[in-house]
Amino acid sequence: MKILIAEDDLNIRMGLFDLLDNEGYTCIEADDGESALHLYIEHQPDLILLDIMMPKMDGYTLCRKIRQLNETVPVIFITAKSEEIDQVLGLELGADDYIKKPFGTREVVARIKAVTRRCLQTQQPSDQQEAETFWMNDLRVFPAQLQAQREEITFELSLRDLKILQLLHREQGKVVDRDMLFNECWGRDYLPSSRTLDQHISKLRKVIEVDAKAPKVIQTVHGIGYRFIQH
């Protein structure tokens, strides 16, 4: 998924970029409303994070213009304004959610995941969603929900987690090398770092494996990459 971040505060914008990039989203940045509108038209992002108080064009005006072009693209307002009337106005303009500054990273990720799920689920009929679920031994993965499940335990996945699992499942039995993982799960423009990959795999194992020190889903092939073997 591609996300447009429209925010004039550099620190907040870069913080959101790093956070969402780590979650597996492709991010586009704008520091004013006019630039954000041009970027929206050019790139057609899947979701928009929209500050209200921006130079050249405020977030409310930008939201109206985007809604004239696309009635369904998810929009989340991010603002320091906390009056109830502003929240109502934002939602009446067609925003899907509303986050107040200062905000925690977990809140931002949780809200974006919720909107992402709604987006993925509305794009596909329920029978297709069911067909696209897949098993990795005793772990069942639900792509449209960004979740995996083992018995009665449900695990939350990031978009990048899902990409990694989908790739390993697709190539089951084969060794997936680091270059392939980076190209498909991070993007070809990403500068590869073995530490980045290993840290992410380690974190994902702690979520989905019964024993992260003896993984059954994501197995290491030393010096090459990773592999999944269906038992």
# chains A, B, ... in the order shown; residues from 1 in each chain; ligands from 1

call {"tool": "select_by_dssp", "arguments": {"residues": "chain A", "states": "helix (DSSP H, G or I)", "output": "number ranges by chain"}}
result
A: 10-23, 33-43, 59-69, 84-92, 105-123, 126-132, 143-145, 159-170, 178-185, 194-208

call {"tool": "atom_distance", "arguments": {"atom1": "CA of Ile78 in chain A", "atom2": "CA of Ile28 in chain A"}}
result
15.8 Å

call {"tool": "closest_residue", "arguments": {"among": "A:Asn137, A:Ala95, A:Ala144, A:Met180", "to": "Pro215 in chain A", "atoms": "only C-alpha atoms"}}
result
A:Asn137

call {"tool": "atom_distance", "arguments": {"atom1": "CA of Phe142 in chain A", "atom2": "CA of Phe103 in chain A"}}
result
28.4 Å

call {"tool": "atom_distance", "arguments": {"atom1": "CA of Ile99 in chain A", "atom2": "CA of Asp58 in chain A"}}
result
16.3 Å

call {"tool": "closest_residue", "arguments": {"among": "A:Ser35, A:Thr116, A:Ser202, A:Thr26", "to": "Ile218 in chain A", "atoms": "only C-alpha atoms"}}
result
A:Ser202
